Amino acid sequence: MKIAVCIKQVPATESKIKPAADGLDIDRTGLSYVVNPYDEFGVEEALKIKEQMNAGTVTVLTIGPEKAAEALRTCLAVGADEAIHIKDEALTGGDALCTARVLAAALKKADYDLIFFGRQAIDDDSGAVGIHVAELMGLPHVAGINKFELNADGLKAVAHRQIEGAAEVVEATLPAIFTCQKELNEPRYASLPGIMKAKQKPMTVWNLADLGLRAEDVGAEAAKVKLGKISSPPIREAGKIIEGKLPQAVSELVRLLHEEAKAF
Amino acid sequence: MDFNFTEEQTMLRDMVRKFVDNEVKPVAQRIDKEHNVDLIKAILKKAAPLGLLGIPFPEKYGGAGMGELGYCVLLEELSHGCASTSVTIGAHIGLAGMSIFLGGNEAQKEKYLKPLALGEKIGAYALTEPGAGSDAANLQLTAKEDGDHFVLNGTKLWITNGDIADIVVVYGLTNPKLKARGGITAFVVETTTPGFSANRIEDKMGLRGSATAELVFQDLRVPKENVLGQVGMGFKIAMETLDESRLSLAAATLGAAKELIAMSVDFAKKRVAFNQPIAHFQAIQFMIADMAAEVFQMESIVYRTAWMYDQGNKIPREGAICKLFCTEALDRIVDKAVQIHGGNGFMGEHPVERFYRDSRVNRIFEGTSEVQRMVIAEDVLKKGSY
């Protein structure tokens, strides 16, 4: 069984984010980075399946700058077998669909039976890439899964997803794409032998030419969604405390809700 | 000069940090309140398969080959969470394991170091006695030759892991006339050996979760093959082990100090007095500035010294300087942290109170501050300059 997990390097969860001076990015000075936590569920699920079947390979893929290789090596340290790093200056300014086109091209190079994504990256929270990739590759997908079981024949999989007030159980024929939600599993720690061996595991680097893609199809000019501006949310104004005796205070509250807040 | 961690060292730090956040911090208060060494043993069980208990040792002995620097990272991160756990692991790796690594032959390393590194067995290091603390060479436990064995008689005191250990490295007197000059020998003793007994000492100011014990050796027979190095080499092994473990203890104080800054800053931003967060007051800011200045010094000397050690240098003076400076700095820092927390810092429900109690022993064990000053002064006087 060949399993792929698409991951993204994102600022660490505890980071304090502020907009950059140009308003087109966040200020990245002093930020530390981690593997997107939802992607970690994907890596863990892939490793569990490999262990369960006692066969197969787990490949992790990412698109990102030089630094993103750290995230791939972290996954290798946790137990993935090989990594693919796609980096190309021309990808700057692309949107989720551009990212999906690139990943689809990379994933098509090998016959993966199972492809996992996180349900969303915690930096831009778009939650679109995995689903776009499924569409582009013509594969079935199940989004936001919290339980996964492979059929004994390895040809189908059953996944559970939480929907409003119920759990949905979905069967999919492989190859298929799954995006992972919390509760799917508990990601393991990297082991020290894993950390020491991570650098010896294969890491392939591809640019757009290697994937047979053109910048105008996947870069800034192809983007249908363009980033306008990043700004901090407005500072919340202090609440108003109405003082005085209760009956008068209630009347005053009703008046303010009606006249100032226009609540009714 | 390159002060950056390698990618492996950074991954190690990230991994241990995650481990401490998930497995250590949530139980740290309970470990202290309940004197709960079982919770620490459970942490050891989870740490072992990750390779955390063999960090400094080569792979062939079940280690990770990440050197002293890797080991310092482990103790620093662990000490963000729980000093009792850090000390338990410190005695296991840095004292017991290190004595065998530095003094043992191949067969001994295979038989005794490997299971320690893999976490299959727990180790302890027994040097201190009722009458031999700072004056370690004055130990009284006797080891008399008897055929192919030595027979041990005597008492060891305040031995970390003493009553939970499977393996104890025991320092005994094989020649009372020679003492430190060739009269002390190191033995590896399996605690299942008849004649061994251990009594837990519970009433401690801090490190209440760690197992501290009095060990009694009564006509305990150790095979000669369990002598580390040569007969009479024990004091050298004990001191070289301490050079290393003093450095790693300094690394542990660094983690505690960083955690205290984080707790203090968090508290000072939230605590409101005179209509504003107390972090706005210069009196608090200056305390935080002094804490940060000390942490920078601690971090600088700890990792520089770890690097020196990993380059193959001996570090008796530097290890002593790290131990002296960092343990004393931590006491200044923890005092400020309690002050910033005010009444909250005095109450048992807040971790800062535990850190305060846990910190004090650092200036006493593994060589008091006064012993460190003796070591440093002796070295400087001998060389005539720094």
# chains A, B, ... in the order shown; residues from 1 in each chain; ligands from 1
>>> residues_around(residues="Asp14 of chain B", least_positions_apart="6", cutoff="12 Å", atoms="only C-alpha atoms", output="list in words")
Ala12, Ser32, Tyr33, Val34, Val35, Glu70, Ala71, Thr74, Ala77, Tyr189, Ala190, Ser191, Leu192 and Ile195 of chain A; Phe5, Glu7, Glu8, Val20, Asp21, Val73, Leu74, Glu77 and Leu78 of chain B
>>> write_last_selection(atoms="N, CA and C atoms", output="PDB file, in the first residue's frame")
ATOM      1  N   ALA A  12       4.069  28.095  14.737  1.00  0.00           N
ATOM      2  CA  ALA A  12       3.688  27.295  15.905  1.00  0.00           C
ATOM      3  C   ALA A  12       2.401  27.832  16.513  1.00  0.00           C
ATOM      4  N   SER A  32       8.554  30.571  15.302  1.00  0.00           N
ATOM      5  CA  SER A  32       9.002  29.194  15.125  1.00  0.00           C
ATOM      6  C   SER A  32       7.883  28.438  14.416  1.00  0.00           C
ATOM      7  N   TYR A  33       8.277  27.379  13.730  1.00  0.00           N
ATOM      8  CA  TYR A  33       7.340  26.694  12.851  1.00  0.00           C
ATOM      9  C   TYR A  33       7.146  25.237  13.259  1.00  0.00           C
ATOM     10  N   VAL A  34       5.992  24.713  12.928  1.00  0.00           N
ATOM     11  CA  VAL A  34       5.685  23.307  13.218  1.00  0.00           C
ATOM     12  C   VAL A  34       4.975  22.686  12.019  1.00  0.00           C
ATOM     13  N   VAL A  35       4.830  21.381  12.055  1.00  0.00           N
ATOM     14  CA  VAL A  35       3.981  20.710  11.078  1.00  0.00           C
ATOM     15  C   VAL A  35       2.536  21.034  11.466  1.00  0.00           C
ATOM     16  N   GLU A  70      12.336  21.326   6.940  1.00  0.00           N
ATOM     17  CA  GLU A  70      12.349  20.947   8.361  1.00  0.00           C
ATOM     18  C   GLU A  70      11.081  20.171   8.728  1.00  0.00           C
ATOM     19  N   ALA A  71       9.952  20.652   8.216  1.00  0.00           N
ATOM     20  CA  ALA A  71       8.680  19.991   8.521  1.00  0.00           C
ATOM     21  C   ALA A  71       8.678  18.577   7.942  1.00  0.00           C
ATOM     22  N   THR A  74      10.822  16.426  10.082  1.00  0.00           N
ATOM     23  CA  THR A  74      10.124  16.061  11.318  1.00  0.00           C
ATOM     24  C   THR A  74       9.232  14.845  11.064  1.00  0.00           C
ATOM     25  N   ALA A  77      11.311  11.849  10.863  1.00  0.00           N
ATOM     26  CA  ALA A  77      11.753  11.444  12.204  1.00  0.00           C
ATOM     27  C   ALA A  77      10.646  10.689  12.931  1.00  0.00           C
ATOM     28  N   TYR A 189       5.187  10.682  19.185  1.00  0.00           N
ATOM     29  CA  TYR A 189       6.352  11.562  19.225  1.00  0.00           C
ATOM     30  C   TYR A 189       7.404  11.007  18.262  1.00  0.00           C
ATOM     31  N   ALA A 190       8.248  11.902  17.761  1.00  0.00           N
ATOM     32  CA  ALA A 190       9.429  11.433  17.039  1.00  0.00           C
ATOM     33  C   ALA A 190      10.300  10.702  18.049  1.00  0.00           C
ATOM     34  N   SER A 191      10.938   9.619  17.645  1.00  0.00           N
ATOM     35  CA  SER A 191      11.862   8.959  18.566  1.00  0.00           C
ATOM     36  C   SER A 191      13.268   9.464  18.264  1.00  0.00           C
ATOM     37  N   LEU A 192      14.166   9.284  19.221  1.00  0.00           N
ATOM     38  CA  LEU A 192      15.534   9.744  18.984  1.00  0.00           C
ATOM     39  C   LEU A 192      16.215   9.013  17.835  1.00  0.00           C
ATOM     40  N   ILE A 195      14.920  10.619  14.809  1.00  0.00           N
ATOM     41  CA  ILE A 195      15.505  11.943  14.571  1.00  0.00           C
ATOM     42  C   ILE A 195      16.890  11.801  13.947  1.00  0.00           C
TER      43      ILE A 195
ATOM     44  N   PHE B   5      21.853  25.372  17.260  1.00  0.00           N
ATOM     45  CA  PHE B   5      21.643  23.936  17.401  1.00  0.00           C
ATOM     46  C   PHE B   5      21.596  23.323  16.002  1.00  0.00           C
ATOM     47  N   GLU B   7      19.938  20.648  13.283  1.00  0.00           N
ATOM     48  CA  GLU B   7      18.523  20.346  13.071  1.00  0.00           C
ATOM     49  C   GLU B   7      18.064  19.205  13.979  1.00  0.00           C
ATOM     50  N   GLU B   8      18.952  18.217  14.197  1.00  0.00           N
ATOM     51  CA  GLU B   8      18.604  17.094  15.082  1.00  0.00           C
ATOM     52  C   GLU B   8      18.382  17.580  16.509  1.00  0.00           C
ATOM     53  N   VAL B  20       6.978  16.906  27.404  1.00  0.00           N
ATOM     54  CA  VAL B  20       6.830  17.507  28.737  1.00  0.00           C
ATOM     55  C   VAL B  20       5.454  18.168  28.870  1.00  0.00           C
ATOM     56  N   ASP B  21       5.025  18.869  27.829  1.00  0.00           N
ATOM     57  CA  ASP B  21       3.710  19.512  27.873  1.00  0.00           C
ATOM     58  C   ASP B  21       2.591  18.492  28.048  1.00  0.00           C
ATOM     59  N   VAL B  73      19.774  19.337  26.766  1.00  0.00           N
ATOM     60  CA  VAL B  73      18.474  19.742  26.215  1.00  0.00           C
ATOM     61  C   VAL B  73      17.357  18.978  26.932  1.00  0.00           C
ATOM     62  N   LEU B  74      17.552  17.679  27.118  1.00  0.00           N
ATOM     63  CA  LEU B  74      16.538  16.858  27.797  1.00  0.00           C
ATOM     64  C   LEU B  74      16.263  17.392  29.200  1.00  0.00           C
ATOM     65  N   GLU B  77      14.520  20.844  29.264  1.00  0.00           N
ATOM     66  CA  GLU B  77      13.097  20.801  28.933  1.00  0.00           C
ATOM     67  C   GLU B  77      12.274  20.113  30.026  1.00  0.00           C
ATOM     68  N   LEU B  78      12.813  19.018  30.564  1.00  0.00           N
ATOM     69  CA  LEU B  78      12.090  18.315  31.634  1.00  0.00           C
ATOM     70  C   LEU B  78      11.842  19.236  32.819  1.00  0.00           C
TER      71      LEU B  78
END
>>> closest_atom_pairs(of="chain B", to="chain A", cutoff="7 Å", atoms="only C-alpha atoms", output="tab-separated table")
residue	atom	partner	partner_atom	distance
B:Glu8	CA	A:Ile195	CA	6.0
B:Met11	CA	A:Ile195	CA	6.9
B:Met15	CA	A:Ala190	CA	6.4
B:Leu50	CA	A:Ser191	CA	4.2
B:Gly51	CA	A:Leu192	CA	5.2
B:Leu52	CA	A:Leu192	CA	6.9
B:Ala64	CA	A:Leu192	CA	6.1
>>> atom_distance(atom1="atom CA of Arg360 of chain B", atom2="atom CA of Ala132 of chain B")
20.3 Å
>>> select_by_dssp(residues="segment 8-212 of chain A", states="helix (DSSP H, G or I)", output="ChimeraX atom specification")
/A:37-53,66-78,89-91,96-107,129-137,192-200,209-211
>>> select_by_dssp(residues="segment 26-188 of chain A", states="strand (DSSP E)", output="PyMOL selection string")
chain A and resi 33-35+57-63+82-86+114-118+141-150+156-163+166-173+176-180
>>> residues_around(residues="segment 112-116 of chain B", least_positions_apart="2", cutoff="7 Å", atoms="only C-alpha atoms", output="count of residues only")
14
>>> residues_around(residues="Asp153 of chain A", least_positions_apart="3", cutoff="12 Å", atoms="only C-alpha atoms", output="ChimeraX atom specification")
/A:1,53,149-150,156-157,173-174
>>> write_last_selection(atoms="C-alpha atoms", output="PDB file, in the first residue's frame")
ATOM      1  CA  MET A   1       0.000   0.000   0.000  1.00  0.00           C
ATOM      2  CA  MET A  53      -0.515  -4.119   7.107  1.00  0.00           C
ATOM      3  CA  GLU A 149     -10.826   1.727   8.802  1.00  0.00           C
ATOM      4  CA  LEU A 150      -9.343  -0.052   5.864  1.00  0.00           C
ATOM      5  CA  LYS A 156     -12.081   0.115   0.198  1.00  0.00           C
ATOM      6  CA  ALA A 157     -12.056   2.208   3.325  1.00  0.00           C
ATOM      7  CA  THR A 173     -13.194   2.957  -3.072  1.00  0.00           C
ATOM      8  CA  LEU A 174      -9.454   3.419  -3.172  1.00  0.00           C
TER       9      LEU A 174
END
>>> residues_around(residues="segment 365-372 of chain B", least_positions_apart="3", cutoff="10 Å", atoms="only C-alpha atoms", output="ChimeraX atom specification")
/B:95,127-128,133-136,158,242-243,245-246,249,316-325,327-328,360-362,375-378
>>> residues_around(residues="segment 158-163 of chain A", least_positions_apart="6", cutoff="9 Å", atoms="only C-alpha atoms", output="PDB file with N, CA and C atoms, in the first residue's frame")
ATOM      1  N   VAL A 142     -13.270  12.069   1.290  1.00  0.00           N
ATOM      2  CA  VAL A 142     -14.088  12.236   2.491  1.00  0.00           C
ATOM      3  C   VAL A 142     -13.374  13.278   3.345  1.00  0.00           C
ATOM      4  N   ALA A 143     -14.096  14.323   3.712  1.00  0.00           N
ATOM      5  CA  ALA A 143     -13.456  15.440   4.412  1.00  0.00           C
ATOM      6  C   ALA A 143     -13.747  15.405   5.903  1.00  0.00           C
ATOM      7  N   GLY A 144     -12.756  15.771   6.673  1.00  0.00           N
ATOM      8  CA  GLY A 144     -12.932  15.925   8.118  1.00  0.00           C
ATOM      9  C   GLY A 144     -13.224  14.624   8.837  1.00  0.00           C
ATOM     10  N   ILE A 145     -12.425  13.593   8.586  1.00  0.00           N
ATOM     11  CA  ILE A 145     -12.712  12.286   9.188  1.00  0.00           C
ATOM     12  C   ILE A 145     -12.149  12.193  10.611  1.00  0.00           C
ATOM     13  N   ASN A 146     -12.889  11.498  11.479  1.00  0.00           N
ATOM     14  CA  ASN A 146     -12.368  11.282  12.835  1.00  0.00           C
ATOM     15  C   ASN A 146     -12.212   9.798  13.158  1.00  0.00           C
ATOM     16  N   LYS A 147     -12.484   8.949  12.177  1.00  0.00           N
ATOM     17  CA  LYS A 147     -12.229   7.517  12.352  1.00  0.00           C
ATOM     18  C   LYS A 147     -12.003   6.913  10.972  1.00  0.00           C
ATOM     19  N   PHE A 148     -11.079   5.975  10.886  1.00  0.00           N
ATOM     20  CA  PHE A 148     -10.741   5.424   9.575  1.00  0.00           C
ATOM     21  C   PHE A 148     -10.486   3.931   9.699  1.00  0.00           C
ATOM     22  N   GLU A 149     -11.102   3.168   8.815  1.00  0.00           N
ATOM     23  CA  GLU A 149     -10.826   1.727   8.802  1.00  0.00           C
ATOM     24  C   GLU A 149     -10.650   1.256   7.370  1.00  0.00           C
ATOM     25  N   LEU A 150      -9.602   0.504   7.186  1.00  0.00           N
ATOM     26  CA  LEU A 150      -9.343  -0.052   5.864  1.00  0.00           C
ATOM     27  C   LEU A 150     -10.010  -1.426   5.798  1.00  0.00           C
ATOM     28  N   ASN A 151     -10.701  -1.717   4.710  1.00  0.00           N
ATOM     29  CA  ASN A 151     -11.261  -3.059   4.555  1.00  0.00           C
ATOM     30  C   ASN A 151     -10.146  -4.091   4.451  1.00  0.00           C
ATOM     31  N   VAL A 169     -21.112   7.889   8.275  1.00  0.00           N
ATOM     32  CA  VAL A 169     -20.160   6.826   7.966  1.00  0.00           C
ATOM     33  C   VAL A 169     -20.114   6.686   6.445  1.00  0.00           C
ATOM     34  N   VAL A 170     -18.921   6.826   5.879  1.00  0.00           N
ATOM     35  CA  VAL A 170     -18.796   6.881   4.427  1.00  0.00           C
ATOM     36  C   VAL A 170     -17.827   5.802   3.948  1.00  0.00           C
ATOM     37  N   GLU A 171     -18.244   5.082   2.934  1.00  0.00           N
ATOM     38  CA  GLU A 171     -17.330   4.101   2.352  1.00  0.00           C
ATOM     39  C   GLU A 171     -16.773   4.674   1.050  1.00  0.00           C
ATOM     40  N   ALA A 172     -15.492   4.495   0.841  1.00  0.00           N
ATOM     41  CA  ALA A 172     -14.887   5.008  -0.386  1.00  0.00           C
ATOM     42  C   ALA A 172     -14.029   3.935  -1.023  1.00  0.00           C
ATOM     43  N   THR A 173     -14.050   3.886  -2.343  1.00  0.00           N
ATOM     44  CA  THR A 173     -13.194   2.957  -3.072  1.00  0.00           C
ATOM     45  C   THR A 173     -11.835   3.620  -3.278  1.00  0.00           C
ATOM     46  N   PHE A 178      -8.544  11.589   1.903  1.00  0.00           N
ATOM     47  CA  PHE A 178      -9.215  11.828   3.188  1.00  0.00           C
ATOM     48  C   PHE A 178      -8.574  13.041   3.860  1.00  0.00           C
ATOM     49  N   GLN A 181      -9.456  15.142  10.753  1.00  0.00           N
ATOM     50  CA  GLN A 181      -9.983  15.975  11.824  1.00  0.00           C
ATOM     51  C   GLN A 181      -9.381  15.494  13.136  1.00  0.00           C
TER      52      GLN A 181
END
>>> atom_distance(atom1="atom CA of Leu227 of chain A", atom2="atom CA of Lys182 of chain A")
28.1 Å
>>> atom_distance(atom1="atom CA of Lys179 of chain B", atom2="atom CA of Gly103 of chain B")
18.0 Å
>>> residues_around(residues="Asp22 of chain A", least_positions_apart="6", cutoff="12 Å", atoms="only C-alpha atoms", output="ChimeraX atom specification")
/A:228-231
>>> write_last_selection(atoms="C-alpha atoms", output="short mmCIF file (atom, residue, chain, number, x, y, z; two decimals), in the first residue's frame")
data_model
loop_
_atom_site.label_atom_id
_atom_site.label_comp_id
_atom_site.auth_asym_id
_atom_site.auth_seq_id
_atom_site.Cartn_x
_atom_site.Cartn_y
_atom_site.Cartn_z
CA GLY A 228 -6.12 41.96 -0.25
CA LYS A 229 -4.78 42.86 3.14
CA ILE A 230 -3.90 41.32 6.45
CA SER A 231 -4.77 43.44 9.46
#
